[in-house]
$ cat model_36.tsv   # TSV, C-alpha atoms and all ligand atoms
chain	number	residue	atom	x	y	z
A	5	MET	CA	102.05	104.87	83.95
A	6	ALA	CA	102.27	101.46	85.58
A	7	ASN	CA	100.02	98.44	86.05
A	8	ILE	CA	99.74	98.24	89.83
A	9	ALA	CA	98.20	95.44	91.89
A	10	PHE	CA	96.99	96.61	95.32
A	11	ILE	CA	96.12	94.03	98.00
A	12	GLY	CA	94.53	95.15	101.29
A	13	LEU	CA	92.04	97.98	100.86
A	14	GLY	CA	91.24	98.90	104.47
A	15	ASN	CA	91.34	102.26	106.23
A	16	MET	CA	94.82	102.95	104.85
A	17	GLY	CA	95.05	100.82	101.70
A	18	GLY	CA	91.70	101.99	100.28
A	19	PRO	CA	92.62	105.69	100.01
A	20	MET	CA	96.22	104.86	99.02
A	21	ALA	CA	94.97	102.78	96.08
A	22	ALA	CA	92.58	105.62	95.16
A	23	ASN	CA	95.54	108.02	95.01
A	24	LEU	CA	97.37	105.67	92.62
A	25	VAL	CA	94.28	105.72	90.37
A	26	LYS	CA	94.18	109.54	90.58
A	27	ALA	CA	97.85	109.64	89.53
A	28	GLY	CA	96.89	107.83	86.32
A	29	HIS	CA	98.02	104.26	87.09
A	30	LYS	CA	95.97	101.22	86.12
A	31	VAL	CA	95.19	99.72	89.54
A	32	THR	CA	93.91	96.16	89.97
A	33	ALA	CA	92.81	95.67	93.56
A	34	PHE	CA	91.84	92.87	95.91
A	35	ASP	CA	90.62	92.62	99.51
A	36	LEU	CA	88.89	89.81	101.38
A	37	ALA	CA	86.12	92.25	102.43
A	38	ALA	CA	83.40	92.94	99.85
A	39	ALA	CA	82.76	96.47	101.17
A	40	SER	CA	86.42	97.41	100.62
A	41	ARG	CA	86.35	95.99	97.10
A	42	ASP	CA	83.17	97.98	96.33
A	43	GLN	CA	84.77	101.21	97.56
A	44	ALA	CA	87.91	100.60	95.48
A	45	LYS	CA	85.72	100.00	92.44
A	46	ALA	CA	83.92	103.29	93.07
A	47	ASP	CA	87.35	104.95	93.32
A	48	GLY	CA	88.25	103.71	89.82
A	49	ALA	CA	90.23	100.51	90.45
A	50	ALA	CA	89.60	97.26	88.59
A	51	ILE	CA	88.66	94.49	91.04
A	52	ALA	CA	90.33	91.07	90.87
A	53	GLU	CA	88.83	87.83	92.14
A	54	SER	CA	91.84	86.95	94.28
A	55	SER	CA	95.28	88.17	95.31
A	56	VAL	CA	96.86	85.90	92.71
A	57	ALA	CA	94.54	87.23	89.97
A	58	SER	CA	95.34	90.83	90.93
A	59	VAL	CA	99.10	90.46	90.29
A	60	LYS	CA	98.72	89.03	86.77
A	61	GLY	CA	100.51	91.42	84.38
A	62	ALA	CA	101.44	93.84	87.20
A	63	ASP	CA	104.63	95.93	87.03
A	64	VAL	CA	104.30	96.75	90.73
A	65	VAL	CA	102.50	94.99	93.59
A	66	VAL	CA	101.58	96.83	96.82
A	67	THR	CA	100.32	95.13	100.00
A	68	MET	CA	98.71	96.95	102.95
A	69	LEU	CA	97.65	94.31	105.47
A	70	PRO	CA	97.15	94.01	109.25
A	71	ALA	CA	100.22	92.05	110.41
A	72	GLY	CA	103.26	89.94	109.47
A	73	LYS	CA	101.29	86.68	109.17
A	74	HIS	CA	98.93	88.23	106.60
A	75	VAL	CA	101.82	89.69	104.60
A	76	LEU	CA	103.74	86.39	104.53
A	77	SER	CA	100.59	84.48	103.61
A	78	VAL	CA	99.75	86.82	100.69
A	79	TRP	CA	103.37	87.11	99.50
A	80	ASN	CA	103.72	83.28	99.59
A	81	GLU	CA	100.63	83.06	97.38
A	82	VAL	CA	101.47	85.77	94.86
A	83	VAL	CA	105.28	86.01	94.57
A	84	PRO	CA	105.79	82.59	92.91
A	85	THR	CA	103.21	83.57	90.24
A	86	MET	CA	104.82	86.94	89.39
A	87	THR	CA	107.07	87.72	86.43
A	88	GLY	CA	110.77	87.96	87.41
A	89	GLY	CA	111.93	91.51	88.09
A	90	THR	CA	108.51	92.73	89.27
A	91	LEU	CA	108.63	95.17	92.21
A	92	ILE	CA	106.72	94.22	95.36
A	93	ILE	CA	106.24	96.79	98.14
A	94	ASP	CA	104.76	96.07	101.58
A	95	CYS	CA	103.41	99.19	103.30
A	96	SER	CA	101.96	97.38	106.35
A	97	THR	CA	103.46	97.80	109.82
A	98	ILE	CA	104.87	94.37	110.66
A	99	ASP	CA	107.62	92.74	112.72
A	100	VAL	CA	111.17	93.07	111.42
A	101	GLU	CA	111.65	89.28	111.21
A	102	SER	CA	108.59	88.76	108.96
A	103	ALA	CA	109.71	91.68	106.79
A	104	LYS	CA	113.11	90.03	106.32
A	105	GLN	CA	111.42	86.70	105.47
A	106	ALA	CA	109.25	88.48	102.88
A	107	HIS	CA	112.34	90.05	101.27
A	108	ALA	CA	114.07	86.64	101.18
A	109	LEU	CA	111.05	85.09	99.48
A	110	ALA	CA	111.02	87.86	96.85
A	111	ALA	CA	114.77	87.50	96.24
A	112	LYS	CA	114.41	83.73	95.84
A	113	HIS	CA	111.94	84.31	93.01
A	114	GLY	CA	113.94	87.13	91.38
A	115	MET	CA	111.68	90.06	92.44
A	116	LEU	CA	112.63	93.50	93.67
A	117	SER	CA	111.23	94.16	97.15
A	118	VAL	CA	110.81	97.05	99.58
A	119	ASP	CA	109.37	97.22	103.10
A	120	ALA	CA	107.76	100.67	103.27
A	121	PRO	CA	105.66	101.21	106.41
A	122	VAL	CA	104.02	104.59	106.75
A	123	SER	CA	103.48	107.39	109.19
A	124	GLY	CA	100.66	109.88	108.81
A	125	GLY	CA	97.51	107.85	109.52
A	126	THR	CA	94.27	107.81	107.58
A	127	GLY	CA	94.44	111.59	106.96
A	128	GLY	CA	97.85	111.16	105.34
A	129	ALA	CA	96.56	108.20	103.32
A	130	LYS	CA	93.62	110.25	102.00
A	131	GLY	CA	95.66	113.40	101.36
A	132	ALA	CA	98.66	111.55	99.82
A	133	THR	CA	100.90	113.11	102.46
A	134	LEU	CA	102.26	109.94	104.09
A	135	THR	CA	105.88	109.46	105.11
A	136	PHE	CA	107.30	106.16	103.81
A	137	MET	CA	110.22	104.52	105.68
A	138	CYS	CA	111.86	102.14	103.24
A	139	GLY	CA	114.10	99.11	103.54
A	140	GLY	CA	115.61	97.19	100.64
A	141	GLU	CA	118.31	97.29	97.99
A	142	GLU	CA	119.10	100.60	96.29
A	143	LYS	CA	117.73	99.35	92.94
A	144	ALA	CA	114.41	98.32	94.52
A	145	PHE	CA	114.13	101.62	96.41
A	146	ALA	CA	114.83	103.61	93.22
A	147	ALA	CA	112.01	101.71	91.46
A	148	ALA	CA	109.61	102.14	94.40
A	149	LYS	CA	110.17	105.85	95.02
A	150	PRO	CA	108.17	107.26	92.07
A	151	VAL	CA	105.24	104.97	92.96
A	152	LEU	CA	105.30	105.95	96.63
A	153	GLU	CA	105.45	109.64	95.68
A	154	ASN	CA	101.88	109.30	94.41
A	155	MET	CA	100.78	108.39	97.95
A	156	GLY	CA	103.12	110.41	100.16
A	157	LYS	CA	105.24	113.48	100.49
A	158	LYS	CA	108.36	112.12	102.18
A	159	ILE	CA	110.11	108.92	101.09
A	160	VAL	CA	113.16	107.89	103.14
A	161	HIS	CA	115.55	105.04	102.32
A	162	CYS	CA	116.51	103.72	105.79
A	163	GLY	CA	118.76	100.82	104.74
A	164	GLY	CA	118.55	97.16	103.74
A	165	ALA	CA	115.79	94.56	104.20
A	166	GLY	CA	113.61	95.36	107.23
A	167	ALA	CA	115.16	98.79	107.88
A	168	GLY	CA	111.85	100.55	107.14
A	169	GLN	CA	110.08	98.48	109.80
A	170	ALA	CA	112.94	99.10	112.24
A	171	ALA	CA	112.64	102.88	111.72
A	172	LYS	CA	108.85	102.75	112.10
A	173	ILE	CA	108.86	100.91	115.45
A	174	CYS	CA	111.67	103.07	116.86
A	175	ASN	CA	109.77	106.22	115.85
A	176	ASN	CA	106.49	104.96	117.32
A	177	MET	CA	108.20	103.92	120.54
A	178	ILE	CA	109.35	107.54	120.93
A	179	LEU	CA	105.81	108.67	120.15
A	180	GLY	CA	104.13	106.33	122.67
A	181	ILE	CA	106.55	107.26	125.45
A	182	SER	CA	106.39	111.00	124.73
A	183	MET	CA	102.59	111.08	124.58
A	184	ILE	CA	102.40	109.51	128.04
A	185	GLY	CA	105.00	112.03	129.25
A	186	VAL	CA	103.02	114.97	127.88
A	187	GLY	CA	99.80	113.54	129.39
A	188	GLU	CA	101.49	113.20	132.78
A	189	ALA	CA	102.71	116.80	132.60
A	190	PHE	CA	99.19	118.12	131.91
A	191	ALA	CA	97.70	115.90	134.65
A	192	LEU	CA	100.26	117.26	137.12
A	193	ALA	CA	99.67	120.85	135.94
A	194	GLU	CA	95.92	120.40	136.61
A	195	LYS	CA	96.64	119.31	140.18
A	196	LEU	CA	98.98	122.30	140.61
A	197	GLY	CA	96.38	124.77	139.35
A	198	LEU	CA	98.32	125.61	136.18
A	199	SER	CA	96.17	126.22	133.09
A	200	HIS	CA	96.57	124.03	130.00
A	201	GLN	CA	97.36	127.10	127.92
A	202	ALA	CA	100.07	128.30	130.32
A	203	LEU	CA	101.84	124.93	130.30
A	204	PHE	CA	101.52	124.76	126.52
A	205	ASP	CA	102.90	128.28	126.01
A	206	VAL	CA	105.94	127.52	128.14
A	207	ALA	CA	106.68	123.89	127.17
A	208	SER	CA	106.05	124.38	123.43
A	209	THR	CA	108.86	126.95	123.34
A	210	SER	CA	111.08	125.31	125.97
A	211	SER	CA	113.01	122.07	126.35
A	212	GLY	CA	109.79	120.05	126.88
A	213	GLN	CA	108.83	120.72	123.25
A	214	CYS	CA	107.93	117.61	121.22
A	215	TRP	CA	105.50	116.53	118.48
A	216	ALA	CA	103.06	114.96	120.99
A	217	LEU	CA	102.73	118.41	122.59
A	218	THR	CA	102.86	120.84	119.67
A	219	SER	CA	101.09	118.89	116.90
A	220	TYR	CA	98.90	116.46	118.82
A	221	CYS	CA	98.27	118.12	122.17
A	222	PRO	CA	96.29	115.72	124.44
A	223	VAL	CA	94.13	118.45	126.00
A	224	PRO	CA	91.58	120.53	124.06
A	225	GLY	CA	92.42	124.13	123.24
A	226	PRO	CA	96.09	124.82	122.51
A	227	VAL	CA	96.21	122.86	119.20
A	228	PRO	CA	92.75	123.16	117.61
A	229	ALA	CA	93.29	120.29	115.12
A	230	SER	CA	94.33	117.70	117.71
A	231	PRO	CA	91.90	114.80	118.42
A	232	ALA	CA	91.50	116.05	122.04
A	233	ASN	CA	89.22	118.74	120.57
A	234	ASN	CA	87.00	116.06	119.05
A	235	GLY	CA	86.47	113.61	121.91
A	236	TYR	CA	89.76	111.80	121.07
A	237	LYS	CA	88.51	110.62	117.69
A	238	PRO	CA	89.31	109.90	114.97
A	239	GLY	CA	93.06	109.52	114.76
A	240	PHE	CA	95.57	106.81	115.61
A	241	ALA	CA	93.77	104.20	117.68
A	242	SER	CA	95.30	103.15	121.01
A	243	ALA	CA	95.00	99.51	119.86
A	244	LEU	CA	97.40	100.33	117.00
A	245	MET	CA	99.78	101.97	119.48
A	246	VAL	CA	99.70	98.73	121.53
A	247	LYS	CA	100.51	96.85	118.33
A	248	ASP	CA	103.50	99.07	117.49
A	249	LEU	CA	104.86	99.12	121.06
A	250	THR	CA	104.58	95.31	121.13
A	251	LEU	CA	106.49	95.08	117.84
A	252	ALA	CA	109.16	97.32	119.40
A	253	GLN	CA	109.38	95.06	122.48
A	254	ASP	CA	109.59	91.92	120.31
A	255	ALA	CA	112.35	93.52	118.24
A	256	ALA	CA	114.19	94.65	121.39
A	257	SER	CA	114.07	91.10	122.85
A	258	ALA	CA	115.26	89.55	119.60
A	259	ALA	CA	118.10	92.08	119.21
A	260	GLY	CA	119.17	92.09	122.88
A	261	ALA	CA	118.26	95.76	123.42
A	262	VAL	CA	116.80	96.97	126.72
A	263	THR	CA	114.06	99.62	126.44
A	264	PRO	CA	112.50	100.03	129.90
A	265	LEU	CA	110.40	103.08	129.03
A	266	GLY	CA	109.20	101.42	125.82
A	267	LYS	CA	108.16	98.39	127.91
A	268	HIS	CA	106.36	100.55	130.46
A	269	ALA	CA	104.59	102.50	127.70
A	270	GLN	CA	103.44	99.19	126.21
A	271	GLU	CA	102.00	98.12	129.61
A	272	ILE	CA	100.21	101.46	130.07
A	273	TYR	CA	98.64	101.36	126.60
A	274	LYS	CA	97.70	97.68	127.08
A	275	ALA	CA	95.85	98.58	130.31
A	276	PHE	CA	94.02	101.40	128.47
A	277	ASP	CA	93.10	99.01	125.65
A	278	ALA	CA	91.98	96.29	128.10
A	279	ALA	CA	89.67	98.82	129.80
A	280	GLY	CA	87.78	99.11	126.48
A	281	HIS	CA	89.51	102.16	125.02
A	282	GLY	CA	91.32	100.50	122.11
A	283	GLY	CA	89.35	102.61	119.62
A	284	VAL	CA	90.18	105.90	121.37
A	285	ASP	CA	92.93	108.03	119.84
A	286	PHE	CA	96.25	107.32	121.56
A	287	SER	CA	96.40	110.87	122.95
A	288	GLY	CA	93.40	109.84	125.11
A	289	ILE	CA	95.96	108.08	127.33
A	290	ILE	CA	95.83	111.28	129.43
A	291	GLN	CA	92.44	110.05	130.69
A	292	HIS	CA	94.10	106.86	131.94
A	293	VAL	CA	96.86	108.89	133.61
A	294	ARG	CA	94.26	111.04	135.40
A	295	SER	CA	92.33	107.91	136.47
A	296	LEU	CA	95.45	106.56	138.21
A	297	ALA	CA	95.45	109.61	140.50
A	298	ALA	CA	91.80	109.03	141.37
A	299	LYS	CA	92.51	105.46	142.62
B	301	LIG	P1	92.48	97.65	108.16
B	301	LIG	O1	92.18	96.53	109.08
B	301	LIG	O2	91.52	98.76	107.99
B	301	LIG	O3	92.76	97.04	106.68
B	301	LIG	C1	93.42	95.83	106.43
B	301	LIG	C2	92.72	95.20	105.23
B	301	LIG	O4	93.43	94.02	104.85
B	301	LIG	C3	91.27	94.80	105.51
B	301	LIG	O5	90.41	95.43	104.59
B	301	LIG	C4	91.28	93.27	105.35
B	301	LIG	O6	90.07	92.76	104.80
B	301	LIG	C5	92.44	93.09	104.39
B	301	LIG	N1	93.02	91.75	104.40
B	301	LIG	C6	93.41	91.01	105.47
B	301	LIG	N2	93.92	89.83	105.06
B	301	LIG	C7	93.85	89.83	103.71
B	301	LIG	C8	94.22	88.89	102.69
B	301	LIG	N3	94.75	87.71	103.01
B	301	LIG	N4	94.00	89.23	101.40
B	301	LIG	C9	93.44	90.43	101.07
B	301	LIG	N5	93.06	91.36	101.98
B	301	LIG	C10	93.27	91.05	103.28
B	301	LIG	O7	93.92	98.20	108.60
B	301	LIG	P2	94.56	99.63	108.24
B	301	LIG	O8	94.18	100.61	109.27
B	301	LIG	O9	94.33	99.91	106.79
B	301	LIG	O10	96.11	99.30	108.49
B	301	LIG	C11	96.88	98.56	107.54
B	301	LIG	C12	98.31	98.53	108.02
B	301	LIG	O11	98.79	99.88	108.14
B	301	LIG	C13	98.51	97.90	109.41
B	301	LIG	O12	99.70	97.15	109.39
B	301	LIG	C14	98.60	99.09	110.35
B	301	LIG	O13	99.35	98.82	111.51
B	301	LIG	C15	99.30	100.10	109.44
B	301	LIG	N6	99.06	101.51	109.81
B	301	LIG	C16	97.81	101.95	110.10
B	301	LIG	C17	97.60	103.30	110.42
B	301	LIG	C18	96.23	103.81	110.74
B	301	LIG	O14	96.12	104.96	111.23
B	301	LIG	N7	95.17	103.08	110.48
B	301	LIG	C19	98.69	104.18	110.43
B	301	LIG	C20	99.96	103.71	110.08
B	301	LIG	C21	100.13	102.37	109.77
$ encode --input "model_36.tsv" --output "structure tokens" --more "lines below"
Ligand code: NAD
Amino acid sequence: MANIAFIGLGNMGGPMAANLVKAGHKVTAFDLAAASRDQAKADGAAIAESSVASVKGADVVVTMLPAGKHVLSVWNEVVPTMTGGTLIIDCSTIDVESAKQAHALAAKHGMLSVDAPVSGGTGGAKGATLTFMCGGEEKAFAAAKPVLENMGKKIVHCGGAGAGQAAKICNNMILGISMIGVGEAFALAEKLGLSHQALFDVASTSSGQCWALTSYCPVPGPVPASPANNGYKPGFASALMVKDLTLAQDAASAAGAVTPLGKHAQEIYKAFDAAGHGGVDFSGIIQHVRSLAAK
């Protein structure tokens, strides 16, 4: 069992750190928020006084923070203080450029590093069923895999530095676009007098089939576990979808790719967010689609 430092104990990081404790690791945790530190303590982690204090003696360091600037700030603080050869894993969703800078910093100080953003949301974090999309050298990935297996069920090596973040934003761009598409189809079906169940029964077994429809259906009924059955909460907040679609657009601009539907999806989710629905599950975008028809 390893000595693991865990920095960033929010909605995702808190339960992920708890799963490392459950797996028998000695976890030393830090977060700026006192409430998050208290919860981690109750979950069995030792609490450090700072990020730098948390990495002392660690074999592995995990960060789970809001955005690239937080990751670079914490890595710049802790990496120079770590023992050479230590593995550092960032599980946050951040821009590809910051992820590459973080890897370069780790390499400069002789550390192994992996970018390992996740899919699966807070339910996956609690249930240790996350998917990890990993970028980094083979040796670093091999060292990270057994640690990530304590927090997830699928661990994919996507390529070199930043490849995990690239896979994450491409996947979430598909998700954002397809959820709007499914919402539009249900909104049209309503106008045409077609029942939700009838459209679901046909499209879920036809060429319109996709995850947004069959696992996360945006209307109540056909998929009982989808957030639509619970007032579009909890789930994956629309504000986080805006974040991921914006990361995809930034990456597309930097790489010279043109993604018109990704751009349009970003604008639609931004409008939903700006209207005060940032906390609503992203499948709630169907409400926005319906409201366009009413105008
Ligand atoms: P969160 O805001 O709940 O948690 C982030 C935590 O980081 C907070 O507790 C904050 O206090 C802490 N923090 C910020 N700066 C810090 C610093 N300098 N030192 C120590 N702690 C610091 O966010 P979350 O929902 O846990 O998401 C974390 C990451 O995971 C984000 O990048 C997000 O995009 C990604 N993600 C979230 C979900 C989801 O469903 N919530 C799903 C997939 C990926």
$ residues_near_ligand --input "model_36.tsv" --ligand "ligand LIG 301 (chain B)" --cutoff "8 Å" --atoms "all atoms listed in the file" --output "PyMOL selection string"
chain A and resi 11-18+34-37+40+54-55+68-71+74-75+77-78+95-98+121-126+239-241+244+247-248
$ residues_around --input "model_36.tsv" --residues "Ala269 in chain A" --least-positions-apart "5" --cutoff "9 Å" --atoms "only C-alpha atoms" --output "MDAnalysis selection string"
chainID A and resid 177 180:181 184 246 249 264 274
$ atom_distance --input "model_36.tsv" --atom1 "CA of Ala9 in chain A" --atom2 "CA of Ala33 in chain A"
5.6 Å
$ residues_near_point --input "model_36.tsv" --point "(106.9, 90.6, 102.5)" --cutoff "7 Å" --atoms "all atoms listed in the file" --output "PyMOL selection string"
chain A and resi 75-76+79+94+102-103+105-107
$ residues_around --input "model_36.tsv" --residues "Gly283 in chain A" --least-positions-apart "3" --cutoff "9 Å" --atoms "all atoms listed in the file" --output "number ranges by chain"
A: 237-238, 240-244, 277, 280, 286
$ write_last_selection --input "model_36.tsv" --atoms "C-alpha atoms" --output "short mmCIF file (atom, residue, chain, number, x, y, z; two decimals), keeping the file's coordinate frame"
data_model
loop_
_atom_site.label_atom_id
_atom_site.label_comp_id
_atom_site.auth_asym_id
_atom_site.auth_seq_id
_atom_site.Cartn_x
_atom_site.Cartn_y
_atom_site.Cartn_z
CA LYS A 237 88.51 110.62 117.69
CA PRO A 238 89.31 109.90 114.97
CA PHE A 240 95.57 106.81 115.61
CA ALA A 241 93.77 104.20 117.68
CA SER A 242 95.30 103.15 121.01
CA ALA A 243 95.00 99.51 119.86
CA LEU A 244 97.40 100.33 117.00
CA ASP A 277 93.10 99.01 125.65
CA GLY A 280 87.78 99.11 126.48
CA PHE A 286 96.25 107.32 121.56
#
$ closest_residue --input "model_36.tsv" --among "A:Ala232, A:Val82, A:Gln253, A:Lys267" --to "Gly288 in chain A" --atoms "all atoms listed in the file"
A:Ala232
$ axis_aligned_box --input "model_36.tsv" --around "range 179-194 of chain A" --padding-each-side "4 Å" --output "JSON"
{"center_x": 101.2, "center_y": 113.6, "center_z": 128.6, "size_x": 18.6, "size_y": 22.5, "size_z": 25.0}
$ residues_near_point --input "model_36.tsv" --point "(98.3, 120.3, 121.7)" --cutoff "12 Å" --atoms "only C-alpha atoms" --output "short mmCIF file (atom, residue, chain, number, x, y, z; two decimals) with C-alpha atoms, keeping the file's coordinate frame"
data_model
loop_
_atom_site.label_atom_id
_atom_site.label_comp_id
_atom_site.auth_asym_id
_atom_site.auth_seq_id
_atom_site.Cartn_x
_atom_site.Cartn_y
_atom_site.Cartn_z
CA MET A 183 102.59 111.08 124.58
CA VAL A 186 103.02 114.97 127.88
CA GLY A 187 99.80 113.54 129.39
CA PHE A 190 99.19 118.12 131.91
CA HIS A 200 96.57 124.03 130.00
CA GLN A 201 97.36 127.10 127.92
CA ALA A 202 100.07 128.30 130.32
CA LEU A 203 101.84 124.93 130.30
CA PHE A 204 101.52 124.76 126.52
CA ASP A 205 102.90 128.28 126.01
CA ALA A 207 106.68 123.89 127.17
CA SER A 208 106.05 124.38 123.43
CA GLN A 213 108.83 120.72 123.25
CA CYS A 214 107.93 117.61 121.22
CA TRP A 215 105.50 116.53 118.48
CA ALA A 216 103.06 114.96 120.99
CA LEU A 217 102.73 118.41 122.59
CA THR A 218 102.86 120.84 119.67
CA SER A 219 101.09 118.89 116.90
CA TYR A 220 98.90 116.46 118.82
CA CYS A 221 98.27 118.12 122.17
CA PRO A 222 96.29 115.72 124.44
CA VAL A 223 94.13 118.45 126.00
CA PRO A 224 91.58 120.53 124.06
CA GLY A 225 92.42 124.13 123.24
CA PRO A 226 96.09 124.82 122.51
CA VAL A 227 96.21 122.86 119.20
CA PRO A 228 92.75 123.16 117.61
CA ALA A 229 93.29 120.29 115.12
CA SER A 230 94.33 117.70 117.71
CA PRO A 231 91.90 114.80 118.42
CA ALA A 232 91.50 116.05 122.04
CA ASN A 233 89.22 118.74 120.57
CA SER A 287 96.40 110.87 122.95
#
$ closest_residue --input "model_36.tsv" --among "A:Ser117, A:Asn154, A:Thr133, A:Gln43" --to "Asn23 in chain A" --atoms "all atoms listed in the file"
A:Asn154
$ closest_residue --input "model_36.tsv" --among "A:Ala22, A:Val83, A:Val206, A:Met155" --to "Ala46 in chain A" --atoms "only C-alpha atoms"
A:Ala22
$ closest_residue --input "model_36.tsv" --among "A:Asp47, A:Asp63, A:Glu53, A:Asp285" --to "Ala148 in chain A" --atoms "all atoms listed in the file"
A:Asp63
$ closest_residue --input "model_36.tsv" --among "A:Met5, A:Val293, A:Ala255, A:Ala111" --to "Ala189 in chain A" --atoms "all atoms listed in the file"
A:Val293
$ closest_residue --input "model_36.tsv" --among "A:Lys60, A:Gly168, A:Ala144, A:Arg294" --to "Ala193 in chain A" --atoms "only C-alpha atoms"
A:Arg294
$ decode --input "model_36.tsv" --residues "range 221-240 of chain A" --atoms "N, CA and C atoms" --output "JSON list (two decimals), in the first residue's frame"
[["chain", "number", "residue", "atom", "x", "y", "z"],
["A", 221, "CYS", "N", -31.61, 9.87, -20.93],
["A", 221, "CYS", "CA", -32.73, 10.44, -21.69],
["A", 221, "CYS", "C", -33.24, 11.76, -21.08],
["A", 222, "PRO", "N", -33.33, 12.84, -21.88],
["A", 222, "PRO", "CA", -33.69, 14.15, -21.33],
["A", 222, "PRO", "C", -35.18, 14.37, -21.05],
["A", 223, "VAL", "N", -36.01, 13.35, -21.26],
["A", 223, "VAL", "CA", -37.42, 13.47, -20.83],
["A", 223, "VAL", "C", -37.69, 12.36, -19.80],
["A", 224, "PRO", "N", -38.58, 12.64, -18.84],
["A", 224, "PRO", "CA", -38.87, 11.62, -17.82],
["A", 224, "PRO", "C", -39.60, 10.42, -18.41],
["A", 225, "GLY", "N", -39.36, 9.26, -17.87],
["A", 225, "GLY", "CA", -40.10, 8.08, -18.29],
["A", 225, "GLY", "C", -39.26, 6.96, -18.86],
["A", 226, "PRO", "N", -38.76, 7.12, -20.10],
["A", 226, "PRO", "CA", -38.12, 5.99, -20.77],
["A", 226, "PRO", "C", -36.91, 5.41, -20.03],
["A", 227, "VAL", "N", -36.09, 6.28, -19.40],
["A", 227, "VAL", "CA", -34.91, 5.79, -18.67],
["A", 227, "VAL", "C", -35.06, 6.25, -17.21],
["A", 228, "PRO", "N", -35.61, 5.39, -16.35],
["A", 228, "PRO", "CA", -35.98, 5.83, -15.00],
["A", 228, "PRO", "C", -34.85, 6.48, -14.19],
["A", 229, "ALA", "N", -33.59, 6.10, -14.44],
["A", 229, "ALA", "CA", -32.49, 6.65, -13.64],
["A", 229, "ALA", "C", -31.97, 7.99, -14.16],
["A", 230, "SER", "N", -32.49, 8.48, -15.29],
["A", 230, "SER", "CA", -31.92, 9.72, -15.83],
["A", 230, "SER", "C", -32.39, 10.94, -15.01],
["A", 231, "PRO", "N", -31.55, 12.00, -14.93],
["A", 231, "PRO", "CA", -31.90, 13.17, -14.11],
["A", 231, "PRO", "C", -33.23, 13.82, -14.49],
["A", 232, "ALA", "N", -33.72, 13.60, -15.71],
["A", 232, "ALA", "CA", -35.02, 14.17, -16.12],
["A", 232, "ALA", "C", -36.14, 13.70, -15.19],
["A", 233, "ASN", "N", -35.95, 12.53, -14.58],
["A", 233, "ASN", "CA", -36.97, 11.99, -13.67],
["A", 233, "ASN", "C", -36.90, 12.63, -12.29],
["A", 234, "ASN", "N", -35.88, 13.46, -12.08],
["A", 234, "ASN", "CA", -35.64, 14.05, -10.76],
["A", 234, "ASN", "C", -35.44, 15.55, -10.88],
["A", 235, "GLY", "N", -36.24, 16.18, -11.73],
["A", 235, "GLY", "CA", -36.16, 17.65, -11.89],
["A", 235, "GLY", "C", -34.81, 18.11, -12.43],
["A", 236, "TYR", "N", -34.13, 17.27, -13.21],
["A", 236, "TYR", "CA", -32.82, 17.59, -13.80],
["A", 236, "TYR", "C", -31.74, 17.88, -12.74],
["A", 237, "LYS", "N", -31.81, 17.12, -11.65],
["A", 237, "LYS", "CA", -30.76, 17.19, -10.64],
["A", 237, "LYS", "C", -30.68, 15.86, -9.91],
["A", 238, "PRO", "N", -29.57, 15.43, -9.34],
["A", 238, "PRO", "CA", -28.28, 16.10, -9.53],
["A", 238, "PRO", "C", -27.74, 15.62, -10.86],
["A", 239, "GLY", "N", -26.48, 15.59, -11.05],
["A", 239, "GLY", "CA", -25.92, 15.10, -12.31],
["A", 239, "GLY", "C", -24.73, 15.90, -12.73],
["A", 240, "PHE", "N", -24.61, 16.16, -14.02],
["A", 240, "PHE", "CA", -23.47, 16.89, -14.57],
["A", 240, "PHE", "C", -23.97, 18.30, -14.91]]
